Amino acid sequence: QQQQQQQQQQEEEEEKGELNSNPYITSTNTSTVAESTVTKAETSYAFAPQNLIHLNTKKLLEILHLGQPEKEQEQEEENNKDSHKDDDDNNDAISIYSVPNVDERCRLIIEVGESLLTFHCGSATNFISKANKSADMLVHLILQSFPGFRDTAVLNGRWVAFYKRAQILVADLWAALGGVADVTVADVTDVVDVVEKKVEKKTCINHCYFYDMDKITTFADYRVPQLLRHLNVMQYSPELSRQVDDKIELVPFCADELYIRAATVVAVDELVDRVKTMLREKCMSNSDDDDDEDDDNDSNKFPLLVGLQAENVNAVKMDWYLWNIGEKLDRNKSLGPHHRVKTIFY
C-alpha cells in the first residue's frame with residue numbers, strides 16, 4: 001500500500017510538472033512558414049512544428065524540473081557539439097538546436113515567467129486554478145496575463161481575434177491532464193453503464209477537467225485550411241490561389257490571411273454541427289427500431305451511446321482529426337501548398 005501511495009504521488013508530481021511547463025512550451029511553439037527566408041536547418045521546423053514541441057518539452061523539462069547538475073549539462077553540451085560537428089561534416093543531418101526566430105521565442109518564455117511570478121505566485125497551477133475548470137475563462141486569463149498570445153487584428157474597421165495558441169494551450173492541458181474517458185461499447189454491459197462509466201478515467205489535475213470545451217474553436221493556422229482546400233471545402237479566388245500555389249509569402253494580418261483563417265473556423269464549426277446532427281439522427285433512428293433487429297448491432301443495442309458520442313464531438317477533436325489527416329497526406333506529397341506568412345501566432 002505504501003508503494004502504491006508513493007507511485008501515485010510520483011505520478012501526481014509528474015502531472016504537475018507537465019502542467020507547469022505547458023505554458024512555456026506553448027508560448028514558444030510557433031512555426032515559421034516563409035520558406036524563402038529560412039535556412040536548411042530552419043526549414044525542417046517551418047513545416048514540422050511537432051518537432052519543436054518535442055524539442056521544447058525535453059529541454060524545458062530539463063531546465064525547469066529535472067535540475068540537471070552543471071557538470072552533466074556541460075558534458076551533454078560538449079557531446080552535442082561533437083555530434084553536430086560530425087553532422088555538418090557529413091552534410092546529411094540537421095542540428096535540432098537550430099531554431100528559427102530564437103530571440104522572439106526567448107522573449108516569450110521570459111514574458112510567461114515574469115507574468116507568473118508577478119501575478120500568480122510563480123505557479124502555473126495557481127494560474128490555471130483561477131479559471132474554475134472553464135476552458136473559456138482560461139483562454140481569457142491567458143490573454144490577460146501573456147501578451148504574446150493576443151492573436152488579434154483589425155480588418156475594415158472591425159476587430160478580429162483568433163487566439164489560436166491560447167486555445168491550443170487549453171486544449172493540450174485538457175487532453176493531457178483532463179482525465180476524461182471515452183466510452184466504447186466494449187466498456188459497457190447495458191445502457192445504464194454508459195452513463196455511469198462517463199466518469200474520470202484516472203486521477204487527474206482537477207483544474208484541467210474543463211466543462212465547456214465546446215466553446216473552443218479550431219486552431220486556425222495553415223494545415224487545416226490546406227486540407228480543406230484540398231477537399232474543396234474551401235475555394236480561393238484566382239489571385240489568392242496563384243499566390244498560395246506559387247508559395248508567395250502573404251503579408252501578416254492581411255485580408256487574405258484573415259479570411260483564410262476565419263473561413264477555417266466557420267468550416268470546422270459547420271462540420272462539427274453536421275456530424276453531431278448525423279449522430280443524433282442515428283440515435284433517434286436506432287431507438288425506434290423493432291426489438292427483432294440484429295442484436296449484434298452495437299449502435300442499435302446501445303442507442304444512448306450514440307447520443308453520448310454526439311455530445312462529445314467538438315471543434316478541438318475535429319481539429320485533431322483533420323490535422324492528422326493533413327499531416328499524413330502532406331507526408332505522402334498528396335497536398336498542394338499551404339499559405340505562407342511570417343508570424344508568431346501559428
# chains A, B, ... in the order shown; residues from 1 in each chain; ligands from 1

$ select_by_dssp --residues "segment 90-277 of chain A" --states "helix (DSSP H, G or I)" --output "JSON, numbers by chain"
{"A": [90, 102, 103, 104, 105, 106, 107, 108, 109, 110, 111, 112, 113, 114, 115, 116, 117, 118, 119, 124, 125, 126, 127, 128, 129, 135, 136, 137, 138, 139, 140, 141, 142, 143, 144, 145, 147, 148, 149, 164, 165, 166, 167, 168, 169, 170, 171, 172, 173, 174, 175, 176, 177, 185, 186, 187, 191, 192, 193, 194, 195, 196, 206, 207, 208, 213, 214, 215, 223, 224, 225, 226, 227, 228, 229, 230, 238, 239, 240, 241, 242, 243, 244, 245, 255, 256, 257, 258, 259, 260, 261, 262, 263, 264, 265, 266, 267, 268, 269, 270, 271, 272, 273, 274, 275, 276, 277]}

$ residues_around --residues "Ser237 of chain A" --least-positions-apart "5" --cutoff "10 Å" --atoms "only C-alpha atoms" --output "PyMOL selection string"
chain A and resi 242-243+256

$ write_last_selection --atoms "all heavy atoms" --output "compact mmCIF listing (two decimals), in the first residue's frame"
# COMPACT_ATOMS: atom_id res chain seq x y z
N ARG A 242 -3.17 31.72 -56.95
CA ARG A 242 -1.86 31.87 -57.59
C ARG A 242 -0.78 32.14 -56.55
O ARG A 242 0.31 31.54 -56.61
CB ARG A 242 -1.92 33.03 -58.60
CG ARG A 242 -0.61 33.23 -59.36
CD ARG A 242 -0.63 34.51 -60.17
NE ARG A 242 -0.68 35.68 -59.29
CZ ARG A 242 0.39 36.20 -58.68
NH1 ARG A 242 1.58 35.64 -58.84
NH2 ARG A 242 0.26 37.27 -57.92
N GLN A 243 -1.07 33.00 -55.58
CA GLN A 243 -0.08 33.33 -54.56
C GLN A 243 0.26 32.11 -53.71
O GLN A 243 1.43 31.85 -53.41
CB GLN A 243 -0.61 34.45 -53.66
CG GLN A 243 -0.67 35.81 -54.32
CD GLN A 243 -1.18 36.89 -53.38
OE1 GLN A 243 -2.34 36.88 -53.00
NE2 GLN A 243 -0.30 37.79 -52.99
N ASP A 256 -6.35 38.58 -46.93
CA ASP A 256 -6.36 37.20 -47.41
C ASP A 256 -6.06 36.22 -46.27
O ASP A 256 -6.73 35.19 -46.15
CB ASP A 256 -5.33 37.01 -48.53
CG ASP A 256 -5.80 37.62 -49.85
OD1 ASP A 256 -7.02 37.70 -50.05
OD2 ASP A 256 -4.95 38.01 -50.66

$ residues_around --residues "Val112 of chain A" --least-positions-apart "3" --cutoff "7 Å" --atoms "only C-alpha atoms" --output "list in words"
Tyr24, Leu108, Ile109, Ser115, Leu116 and Phe146 of chain A

$ closest_residue --among "A:Thr277, A:Gln167, A:Ser241, A:Asn206" --to "Asp319 of chain A" --atoms "only C-alpha atoms"
A:Gln167

$ atom_distance --atom1 "atom CA of Gln309 of chain A" --atom2 "atom CA of Tyr211 of chain A"
15.7 Å
